[in-house]
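Have a look at run22.pdb below; it lists PDB, C-alpha atoms and all ligand atoms.
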MODEL        1
ATOM      1  CA  MET A   1     135.948  96.213  92.936
ATOM      2  CA  ASP A   2     137.472  93.257  94.738
ATOM      3  CA  LEU A   3     134.585  91.027  95.809
ATOM      4  CA  PHE A   4     136.664  89.504  98.581
ATOM      5  CA  ASP A   5     138.356  92.550 100.080
ATOM      6  CA  LEU A   6     138.306  92.180 103.871
ATOM      7  CA  SER A   7     140.110  95.458 104.632
ATOM      8  CA  GLY A   8     139.037  96.912 107.956
ATOM      9  CA  ARG A   9     137.677  93.589 109.238
ATOM     10  CA  VAL A  10     139.196  91.903 112.248
ATOM     11  CA  ALA A  11     139.419  88.131 112.555
ATOM     12  CA  VAL A  12     140.393  86.018 115.545
ATOM     13  CA  ILE A  13     141.805  82.611 114.727
ATOM     14  CA  THR A  14     142.546  80.191 117.532
ATOM     15  CA  GLY A  15     145.316  77.743 116.732
ATOM     16  CA  GLY A  16     146.342  80.029 113.887
ATOM     17  CA  ASN A  17     150.078  79.417 114.303
ATOM     18  CA  GLY A  18     150.221  76.166 112.308
ATOM     19  CA  GLY A  19     148.331  73.584 110.281
ATOM     20  CA  LEU A  20     144.818  74.411 109.113
ATOM     21  CA  GLY A  21     144.655  77.597 111.192
ATOM     22  CA  LEU A  22     147.737  79.068 109.588
ATOM     23  CA  GLY A  23     146.344  78.214 106.147
ATOM     24  CA  MET A  24     143.199  80.166 107.004
ATOM     25  CA  ALA A  25     145.203  83.041 108.530
ATOM     26  CA  ARG A  26     147.221  83.340 105.309
ATOM     27  CA  GLY A  27     144.045  83.830 103.271
ATOM     28  CA  LEU A  28     142.553  86.336 105.699
ATOM     29  CA  VAL A  29     145.673  88.513 105.800
ATOM     30  CA  LYS A  30     146.078  88.322 102.014
ATOM     31  CA  SER A  31     142.505  89.634 101.694
ATOM     32  CA  GLY A  32     143.290  92.575 103.955
ATOM     33  CA  ALA A  33     141.782  91.447 107.274
ATOM     34  CA  ASN A  34     143.605  92.237 110.483
ATOM     35  CA  VAL A  35     144.210  88.962 112.281
ATOM     36  CA  ALA A  36     144.690  87.983 115.914
ATOM     37  CA  ILE A  37     146.150  84.500 116.347
ATOM     38  CA  TRP A  38     145.442  82.942 119.735
ATOM     39  CA  ALA A  39     147.667  79.926 120.534
ATOM     40  CA  ARG A  40     150.041  78.678 123.232
ATOM     41  CA  ASN A  41     153.453  78.054 121.693
ATOM     42  CA  GLU A  42     155.306  81.363 121.531
ATOM     43  CA  ALA A  43     157.970  80.185 119.067
ATOM     44  CA  LYS A  44     155.289  78.968 116.643
ATOM     45  CA  ASN A  45     153.341  82.187 117.187
ATOM     46  CA  ALA A  46     156.400  84.272 116.281
ATOM     47  CA  LYS A  47     157.141  82.189 113.164
ATOM     48  CA  ALA A  48     153.543  82.399 111.928
ATOM     49  CA  LEU A  49     153.485  86.159 112.467
ATOM     50  CA  LEU A  50     156.687  86.641 110.534
ATOM     51  CA  GLU A  51     155.125  84.813 107.612
ATOM     52  CA  VAL A  52     151.693  86.447 107.517
ATOM     53  CA  ARG A  53     153.069  89.929 108.124
ATOM     54  CA  SER A  54     155.058  89.577 104.893
ATOM     55  CA  PHE A  55     151.860  89.368 102.815
ATOM     56  CA  GLY A  56     150.744  92.966 102.846
ATOM     57  CA  THR A  57     149.439  95.870 104.772
ATOM     58  CA  ALA A  58     146.999  94.107 107.095
ATOM     59  CA  GLU A  59     148.085  93.818 110.703
ATOM     60  CA  ALA A  60     148.610  90.525 112.484
ATOM     61  CA  VAL A  61     149.251  89.837 116.150
ATOM     62  CA  ALA A  62     149.666  86.683 118.188
ATOM     63  CA  ILE A  63     148.326  86.409 121.708
ATOM     64  CA  PRO A  64     149.373  83.531 123.981
ATOM     65  CA  CYS A  65     146.225  81.653 124.941
ATOM     66  CA  ASP A  66     145.182  78.198 126.087
ATOM     67  CA  VAL A  67     141.597  77.951 124.853
ATOM     68  CA  ALA A  68     140.747  75.382 127.520
ATOM     69  CA  GLU A  69     141.329  78.028 130.211
ATOM     70  CA  GLU A  70     138.585  80.601 130.666
ATOM     71  CA  ALA A  71     140.898  83.249 132.122
ATOM     72  CA  ASP A  72     143.211  82.953 129.105
ATOM     73  CA  VAL A  73     140.329  83.309 126.648
ATOM     74  CA  GLU A  74     138.904  86.308 128.494
ATOM     75  CA  ALA A  75     142.342  87.964 128.548
ATOM     76  CA  ALA A  76     143.007  87.192 124.866
ATOM     77  CA  MET A  77     139.706  88.795 123.897
ATOM     78  CA  ALA A  78     140.437  91.873 126.007
ATOM     79  CA  LYS A  79     143.891  92.170 124.410
ATOM     80  CA  THR A  80     142.443  91.767 120.904
ATOM     81  CA  LEU A  81     139.928  94.546 121.542
ATOM     82  CA  GLU A  82     142.658  96.743 123.020
ATOM     83  CA  ILE A  83     144.714  96.307 119.830
ATOM     84  CA  PHE A  84     142.039  96.296 117.112
ATOM     85  CA  GLY A  85     138.945  97.757 118.792
ATOM     86  CA  ARG A  86     136.559  95.169 117.312
ATOM     87  CA  VAL A  87     136.166  91.579 116.161
ATOM     88  CA  ASP A  88     134.063  90.723 113.097
ATOM     89  CA  VAL A  89     135.013  87.102 112.497
ATOM     90  CA  CYS A  90     136.076  84.255 114.759
ATOM     91  CA  PHE A  91     137.558  80.965 113.637
ATOM     92  CA  ALA A  92     137.516  78.613 116.644
ATOM     93  CA  ASN A  93     140.047  76.254 115.150
ATOM     94  CA  ALA A  94     142.439  75.195 117.941
ATOM     95  CA  GLY A  95     142.282  71.511 118.667
ATOM     96  CA  ILE A  96     144.152  68.371 119.602
ATOM     97  CA  SER A  97     143.910  64.740 118.589
ATOM     98  CA  GLY A  98     142.137  62.408 120.959
ATOM     99  CA  ALA A  99     143.801  60.238 123.589
ATOM    100  CA  GLY A 100     143.972  57.371 121.075
ATOM    101  CA  THR A 101     142.416  54.775 123.367
ATOM    102  CA  ALA A 102     139.883  52.076 122.638
ATOM    103  CA  ILE A 103     136.583  52.512 124.472
ATOM    104  CA  PRO A 104     137.283  49.900 127.194
ATOM    105  CA  ASP A 105     140.619  51.589 127.922
ATOM    106  CA  MET A 106     139.519  55.199 128.082
ATOM    107  CA  THR A 107     140.511  57.289 131.078
ATOM    108  CA  VAL A 108     138.759  60.196 132.720
ATOM    109  CA  GLU A 109     141.872  62.330 132.199
ATOM    110  CA  GLY A 110     142.135  61.479 128.493
ATOM    111  CA  TRP A 111     138.448  62.076 127.811
ATOM    112  CA  ASP A 112     138.377  65.348 129.786
ATOM    113  CA  ARG A 113     141.498  66.781 128.131
ATOM    114  CA  THR A 114     140.154  66.177 124.619
ATOM    115  CA  LEU A 115     136.788  67.684 125.482
ATOM    116  CA  ALA A 116     138.404  70.592 127.357
ATOM    117  CA  VAL A 117     140.395  71.767 124.338
ATOM    118  CA  ASN A 118     138.150  70.719 121.448
ATOM    119  CA  ALA A 119     134.693  71.431 122.857
ATOM    120  CA  ARG A 120     135.060  73.737 125.880
ATOM    121  CA  GLY A 121     137.689  75.769 123.970
ATOM    122  CA  PRO A 122     135.362  76.826 121.131
ATOM    123  CA  ALA A 123     132.508  77.391 123.611
ATOM    124  CA  LEU A 124     134.633  79.722 125.754
ATOM    125  CA  THR A 125     135.941  81.453 122.644
ATOM    126  CA  TYR A 126     132.375  82.079 121.458
ATOM    127  CA  LYS A 127     131.373  83.235 124.943
ATOM    128  CA  TYR A 128     133.810  86.155 124.977
ATOM    129  CA  VAL A 129     133.707  86.958 121.262
ATOM    130  CA  THR A 130     129.900  87.100 121.204
ATOM    131  CA  ARG A 131     129.697  89.278 124.309
ATOM    132  CA  HIS A 132     131.527  91.856 122.216
ATOM    133  CA  MET A 133     129.479  91.186 119.054
ATOM    134  CA  ILE A 134     126.192  91.506 120.950
ATOM    135  CA  GLU A 135     127.309  94.754 122.568
ATOM    136  CA  ARG A 136     128.182  96.080 119.103
ATOM    137  CA  ALA A 137     124.771  95.020 117.795
ATOM    138  CA  ARG A 138     123.035  96.813 120.679
ATOM    139  CA  ASN A 139     124.994  99.936 119.716
ATOM    140  CA  GLY A 140     123.683  99.762 116.142
ATOM    141  CA  ASP A 141     126.500  97.752 114.536
ATOM    142  CA  PRO A 142     125.132  94.189 114.202
ATOM    143  CA  GLY A 143     126.843  91.206 112.603
ATOM    144  CA  GLY A 144     129.558  88.706 113.226
ATOM    145  CA  LYS A 145     130.738  85.412 111.852
ATOM    146  CA  LEU A 146     131.580  82.346 113.924
ATOM    147  CA  ILE A 147     133.265  79.392 112.241
ATOM    148  CA  VAL A 148     134.426  76.329 114.126
ATOM    149  CA  THR A 149     136.835  73.679 112.900
ATOM    150  CA  SER A 150     134.942  70.431 113.264
ATOM    151  CA  SER A 151     135.843  67.115 111.696
ATOM    152  CA  GLY A 152     134.447  64.400 109.485
ATOM    153  CA  GLN A 153     134.831  62.255 112.583
ATOM    154  CA  SER A 154     131.825  64.066 114.079
ATOM    155  CA  ILE A 155     129.629  62.132 111.634
ATOM    156  CA  MET A 156     131.607  58.950 110.959
ATOM    157  CA  GLY A 157     133.226  56.178 112.958
ATOM    158  CA  VAL A 158     136.977  55.700 113.469
ATOM    159  CA  ASN A 159     138.744  53.246 115.794
ATOM    160  CA  ARG A 160     140.222  54.543 119.071
ATOM    161  CA  SER A 161     138.894  58.034 118.470
ATOM    162  CA  SER A 162     135.608  58.217 120.342
ATOM    163  CA  ASP A 163     136.693  61.134 122.573
ATOM    164  CA  TYR A 164     137.783  63.143 119.522
ATOM    165  CA  ALA A 165     134.583  62.262 117.627
ATOM    166  CA  ALA A 166     132.473  63.298 120.615
ATOM    167  CA  SER A 167     134.360  66.587 120.967
ATOM    168  CA  LYS A 168     133.737  67.424 117.313
ATOM    169  CA  ALA A 169     130.073  66.363 117.471
ATOM    170  CA  ALA A 170     129.800  68.756 120.428
ATOM    171  CA  VAL A 171     130.930  71.702 118.310
ATOM    172  CA  ASN A 172     128.386  70.793 115.626
ATOM    173  CA  GLY A 173     125.765  71.189 118.346
ATOM    174  CA  LEU A 174     127.378  74.408 119.551
ATOM    175  CA  THR A 175     127.115  75.686 115.978
ATOM    176  CA  ARG A 176     123.389  75.036 115.663
ATOM    177  CA  GLY A 177     122.684  76.510 119.088
ATOM    178  CA  ALA A 178     124.787  79.594 118.397
ATOM    179  CA  ALA A 179     123.255  80.109 114.948
ATOM    180  CA  PHE A 180     119.725  79.938 116.344
ATOM    181  CA  GLU A 181     120.328  82.031 119.443
ATOM    182  CA  LEU A 182     122.458  84.739 117.853
ATOM    183  CA  ALA A 183     120.623  85.241 114.548
ATOM    184  CA  ARG A 184     118.737  88.170 116.117
ATOM    185  CA  TYR A 185     122.086  90.048 116.179
ATOM    186  CA  GLN A 186     122.864  89.061 112.552
ATOM    187  CA  ILE A 187     125.610  86.778 113.863
ATOM    188  CA  THR A 188     126.048  83.590 111.840
ATOM    189  CA  ALA A 189     127.652  80.337 112.998
ATOM    190  CA  ASN A 190     128.879  77.459 110.885
ATOM    191  CA  ALA A 191     131.080  74.394 111.306
ATOM    192  CA  LEU A 192     133.574  73.110 108.754
ATOM    193  CA  LEU A 193     133.963  69.325 108.940
ATOM    194  CA  PHE A 194     137.459  68.803 107.601
ATOM    195  CA  GLY A 195     138.464  65.426 106.256
ATOM    196  CA  TYR A 196     142.162  64.647 106.008
ATOM    197  CA  TYR A 197     144.944  67.267 105.837
ATOM    198  CA  GLU A 198     148.636  66.651 106.492
ATOM    199  CA  THR A 199     149.477  68.633 109.653
ATOM    200  CA  ASP A 200     151.250  68.096 112.992
ATOM    201  CA  ILE A 201     148.136  66.296 114.272
ATOM    202  CA  THR A 202     147.979  63.754 111.461
ATOM    203  CA  ALA A 203     151.780  63.305 111.504
ATOM    204  CA  LYS A 204     151.325  61.754 114.971
ATOM    205  CA  ALA A 205     148.708  59.252 113.759
ATOM    206  CA  ASP A 206     149.366  55.660 112.718
ATOM    207  CA  PRO A 207     150.632  55.796 109.065
ATOM    208  CA  LYS A 208     148.008  53.148 108.253
ATOM    209  CA  PHE A 209     145.378  55.818 108.964
ATOM    210  CA  ALA A 210     146.752  58.056 106.182
ATOM    211  CA  ALA A 211     146.842  55.153 103.723
ATOM    212  CA  TRP A 212     143.257  54.165 104.637
ATOM    213  CA  MET A 213     142.081  57.785 104.301
ATOM    214  CA  GLU A 214     143.610  58.271 100.880
ATOM    215  CA  LYS A 215     141.905  55.132  99.596
ATOM    216  CA  ARG A 216     138.529  56.236 100.951
ATOM    217  CA  ILE A 217     138.617  59.872  99.781
ATOM    218  CA  PRO A 218     136.877  59.988  96.366
ATOM    219  CA  LEU A 219     139.200  62.793  95.169
ATOM    220  CA  ARG A 220     142.134  60.508  96.140
ATOM    221  CA  ARG A 221     144.244  63.113  97.903
ATOM    222  CA  PRO A 222     144.530  64.886 101.242
ATOM    223  CA  GLY A 223     143.184  68.418 101.512
ATOM    224  CA  ASP A 224     145.422  71.158 100.114
ATOM    225  CA  HIS A 225     146.496  73.952 102.427
ATOM    226  CA  GLU A 226     146.228  76.597  99.662
ATOM    227  CA  GLY A 227     142.531  75.784  99.375
ATOM    228  CA  LEU A 228     142.028  76.821 102.991
ATOM    229  CA  GLU A 229     142.865  80.422 102.142
ATOM    230  CA  GLY A 230     139.872  81.124  99.905
ATOM    231  CA  LEU A 231     137.607  78.980 102.067
ATOM    232  CA  ALA A 232     138.386  81.135 105.113
ATOM    233  CA  VAL A 233     137.963  84.317 103.109
ATOM    234  CA  PHE A 234     134.533  83.200 101.870
ATOM    235  CA  PHE A 235     133.335  82.407 105.397
ATOM    236  CA  ALA A 236     134.749  85.728 106.665
ATOM    237  CA  SER A 237     133.151  87.732 103.849
ATOM    238  CA  PRO A 238     129.596  89.047 103.399
ATOM    239  CA  HIS A 239     129.096  86.459 100.621
ATOM    240  CA  SER A 240     128.438  83.825 103.289
ATOM    241  CA  ASP A 241     126.038  86.033 105.292
ATOM    242  CA  TYR A 242     122.961  83.952 104.402
ATOM    243  CA  ILE A 243     124.547  80.650 105.470
ATOM    244  CA  THR A 244     124.050  79.834 109.116
ATOM    245  CA  GLY A 245     123.746  76.808 111.375
ATOM    246  CA  GLN A 246     125.419  74.534 108.830
ATOM    247  CA  CYS A 247     127.908  71.730 109.333
ATOM    248  CA  LEU A 248     129.713  71.585 106.007
ATOM    249  CA  PRO A 249     132.071  68.744 105.116
ATOM    250  CA  VAL A 250     135.306  69.932 103.447
ATOM    251  CA  ASP A 251     136.744  66.535 102.723
ATOM    252  CA  GLY A 252     137.160  65.594  99.051
ATOM    253  CA  GLY A 253     133.956  63.566  99.337
ATOM    254  CA  LEU A 254     135.128  61.393 102.258
ATOM    255  CA  CYS A 255     131.774  61.507 104.039
ATOM    256  CA  ILE A 256     129.880  60.114 101.029
ATOM    257  CA  SER A 257     132.389  57.334 100.441
TER
HETATM  258  N1  LIG B   1     144.517  67.747 110.030
HETATM  259  C1  LIG B   1     143.346  67.177 109.800
HETATM  260  O1  LIG B   1     143.233  66.256 108.961
HETATM  261  C2  LIG B   1     142.122  67.638 110.530
HETATM  262  C3  LIG B   1     140.882  67.094 110.147
HETATM  263  C4  LIG B   1     139.734  67.529 110.785
HETATM  264  C5  LIG B   1     139.823  68.473 111.774
HETATM  265  N2  LIG B   1     141.038  68.974 112.161
HETATM  266  C6  LIG B   1     141.054  69.980 113.201
HETATM  267  O2  LIG B   1     141.773  71.086 112.723
HETATM  268  C7  LIG B   1     142.200  71.875 113.837
HETATM  269  C8  LIG B   1     143.650  72.248 113.631
HETATM  270  O3  LIG B   1     144.429  71.066 113.662
HETATM  271  P1  LIG B   1     145.640  70.813 112.659
HETATM  272  O4  LIG B   1     145.378  69.556 111.941
HETATM  273  O5  LIG B   1     145.908  72.056 111.908
HETATM  274  O6  LIG B   1     146.820  70.466 113.686
HETATM  275  P2  LIG B   1     148.021  71.374 114.264
HETATM  276  O7  LIG B   1     148.921  71.781 113.181
HETATM  277  O8  LIG B   1     148.541  70.582 115.413
HETATM  278  O9  LIG B   1     147.287  72.670 114.806
HETATM  279  C9  LIG B   1     146.659  72.722 116.053
HETATM  280  C10 LIG B   1     146.608  74.177 116.462
HETATM  281  O10 LIG B   1     145.837  74.289 117.662
HETATM  282  C11 LIG B   1     146.621  74.969 118.632
HETATM  283  N3  LIG B   1     146.250  74.460 119.957
HETATM  284  C12 LIG B   1     146.272  73.179 120.397
HETATM  285  N4  LIG B   1     145.854  73.134 121.674
HETATM  286  C13 LIG B   1     145.560  74.406 122.036
HETATM  287  C14 LIG B   1     145.090  75.017 123.223
HETATM  288  N5  LIG B   1     144.825  74.298 124.328
HETATM  289  N6  LIG B   1     144.901  76.360 123.238
HETATM  290  C15 LIG B   1     145.167  77.092 122.142
HETATM  291  N7  LIG B   1     145.615  76.597 120.993
HETATM  292  C16 LIG B   1     145.808  75.258 120.947
HETATM  293  C17 LIG B   1     148.068  74.698 118.268
HETATM  294  O11 LIG B   1     148.932  75.739 118.734
HETATM  295  P3  LIG B   1     149.729  75.662 120.143
HETATM  296  O12 LIG B   1     150.193  74.256 120.292
HETATM  297  O13 LIG B   1     150.802  76.671 119.975
HETATM  298  O14 LIG B   1     148.733  76.071 121.178
HETATM  299  C18 LIG B   1     147.988  74.737 116.759
HETATM  300  O15 LIG B   1     148.027  76.055 116.284
HETATM  301  C19 LIG B   1     141.925  71.031 115.068
HETATM  302  O16 LIG B   1     140.725  71.484 115.679
HETATM  303  C20 LIG B   1     141.731  69.645 114.500
HETATM  304  O17 LIG B   1     140.941  68.838 115.321
HETATM  305  C21 LIG B   1     142.187  68.570 111.537
ENDMDL
END
Please lay out the structure from this file as structure tokens.
Ligand SMILES: NC(=O)c1ccc[n+]([C@@H]2O[C@H](COP(=O)([O-])OP(=O)(O)OC[C@H]3O[C@@H](n4cnc5c(N)ncnc54)[C@H](OP(=O)(O)O)[C@@H]3O)[C@@H](O)[C@H]2O)c1
Amino acid sequence: MDLFDLSGRVAVITGGNGGLGLGMARGLVKSGANVAIWARNEAKNAKALLEVRSFGTAEAVAIPCDVAEEADVEAAMAKTLEIFGRVDVCFANAGISGAGTAIPDMTVEGWDRTLAVNARGPALTYKYVTRHMIERARNGDPGGKLIVTSSGQSIMGVNRSSDYAASKAAVNGLTRGAAFELARYQITANALLFGYYETDITAKADPKFAAWMEKRIPLRRPGDHEGLEGLAVFFASPHSDYITGQCLPVDGGLCIS
């Protein structure tokens, strides 16, 4: 028996067309889960699909969606249900870097954009995914797993990143609220506080940030993308069913450094 066989399960992964999300999508498809990627860029969506579809028999689809827009999220959920009939797992992973401004220079537009994608996005995603999960529970099929991509910055300080930090602290709060409120339906909610991974987001940052990170991370390396595969599978599998409401750093020890 394969302890981590996810055949027959359906996972949504927002921002699953690149970076951390694609790493997680790879693991889910390799373990047999059907995957719906929700993201905006159609060329990246097509490329990611081509890759994950080559792994095996599980089905993968990509649905264009801006998670900051409620109508998009509602439509993406409807499309996912039309294709797969159910959703068991949701990784609310899509996100952007902050506006990069110091506190005295912040703008309303910069602050609102970061919060719209990074905090409102996961909240809207959970809104529509849990409507379905709750309906399933009421029909005798309880359960569901919500996992949000948070950041070490939700619990530590970084220069010119207060909007990003606030957006990630918001999803830690969303996690605890969701875990408490939805436990009655056997739905769990957890946040993964990632440290430093090389992706399109970090490629845009000041190179000094990468050098500083690598010195501070006790394991002395950025996160490895292969490691995201098994991590996602664990949080999508029944083996994590008794973990809920947690904000777990995945950071090579960065937060204790
Ligand atoms: N890399 C790190 O070190 C690190 C550390 C901690 C946390 N994180 C978090 O990890 C998550 C993924 O970031 P990444 O590092 O993997 O960067 P990435 O490669 O730029 O991935 C970001 C993903 O989010 C999607 N996305 C962005 N805005 C979106 C929107 N409005 N609606 C839907 N999808 C959207 C992007 O696809 P489209 O552009 O096609 O929409 C892309 O798939 C983010 O939440 C980020 O804050 C990253």
Residues of chain A within 6 Å of ligand LIG 1 (chain B): nearest atom pair and distance (Å, one decimal) for each, counting only C-alpha atoms and all ligand atoms, sorted by chain and number, as a tab-separated table?
residue	atom	partner	partner_atom	distance
A:Thr14	CA	B:LIG1	N7	5.9
A:Gly15	CA	B:LIG1	O15	3.2
A:Gly16	CA	B:LIG1	O15	4.9
A:Asn17	CA	B:LIG1	O15	4.4
A:Gly18	CA	B:LIG1	O15	4.5
A:Gly19	CA	B:LIG1	O5	3.3
A:Leu20	CA	B:LIG1	O5	3.8
A:Gly21	CA	B:LIG1	O5	5.7
A:Ala39	CA	B:LIG1	N7	3.9
A:Arg40	CA	B:LIG1	O14	3.6
A:Asn41	CA	B:LIG1	O13	3.4
A:Cys65	CA	B:LIG1	C15	5.5
A:Asp66	CA	B:LIG1	N6	3.4
A:Val67	CA	B:LIG1	N6	4.0
A:Ala68	CA	B:LIG1	N5	5.3
A:Asn93	CA	B:LIG1	O16	4.8
A:Ala94	CA	B:LIG1	O10	3.5
A:Gly95	CA	B:LIG1	O16	3.4
A:Ile96	CA	B:LIG1	C12	5.3
A:Val117	CA	B:LIG1	N5	5.1
A:Thr149	CA	B:LIG1	O16	5.3
A:Ser150	CA	B:LIG1	C5	5.5
A:Ser151	CA	B:LIG1	C4	4.0
A:Phe194	CA	B:LIG1	C4	4.1
A:Gly195	CA	B:LIG1	C3	4.9
A:Tyr196	CA	B:LIG1	O1	3.5
A:Tyr197	CA	B:LIG1	O1	3.7
A:Glu198	CA	B:LIG1	N1	5.5
A:Thr199	CA	B:LIG1	O7	4.8
A:Asp200	CA	B:LIG1	O7	4.4
A:Ile201	CA	B:LIG1	O6	4.4
A:Thr202	CA	B:LIG1	N1	5.5
(Q) Please enumerate the residues selected by the PyMOL selection byres (((chain A and resi 130) around 12) and not hetatm) when evaluated against the supplied file, formatted as JSON, numbers by chain. (A) {"A": [12, 74, 77, 86, 87, 88, 89, 90, 122, 123, 124, 125, 126, 127, 128, 129, 131, 132, 133, 134, 135, 136, 137, 138, 142, 143, 144, 145, 146, 178, 179, 181, 182, 183, 185, 186, 187, 188, 189]}
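Remark: for Thr107 in chain A, the closest of the candidate residues A:Ile13, A:Ser162, A:Glu42, A:Ala36 is A:Ser162 (distances computed over all atoms listed in the file).
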(Q) Set the distance at 8 Å and use all atoms listed in the file: which residues neighbour Arg221 in chain A once local chain neighbours fewer than 3 positions away are removed? I'd like the list as a list in words. (A) Glu214, Ile217 and Gly252 of chain A
**Q.** Minimum-distance residue to Leu174 in chain A, chosen among A:Ala203, A:Leu228, A:Leu6, A:Ala119 (using only C-alpha atoms)
**A.** A:Ala119
Enclose range 224-239 of chain A, meaning all of its atoms listed in the file, in a box aligned along x, y and z, pad it by 8 Å on each side, and list the centre and edge lengths in Å to one decimal, as JSON.
{"center_x": 137.8, "center_y": 80.1, "center_z": 103.0, "size_x": 33.4, "size_y": 33.9, "size_z": 23.3}
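CA of Phe235 in chain A sits 7.5 Å away from CA of Ile147 in chain A.
Remark: for Ile256 in chain A, the closest of the candidate residues A:Met106, A:Ile155, A:Ala58, A:Val35 is A:Ile155 (distances computed over all atoms listed in the file).
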Q | Two-atom distance - CA of Ala116 in chain A, CA of Glu82 in chain A (Å) | A | 26.8 Å
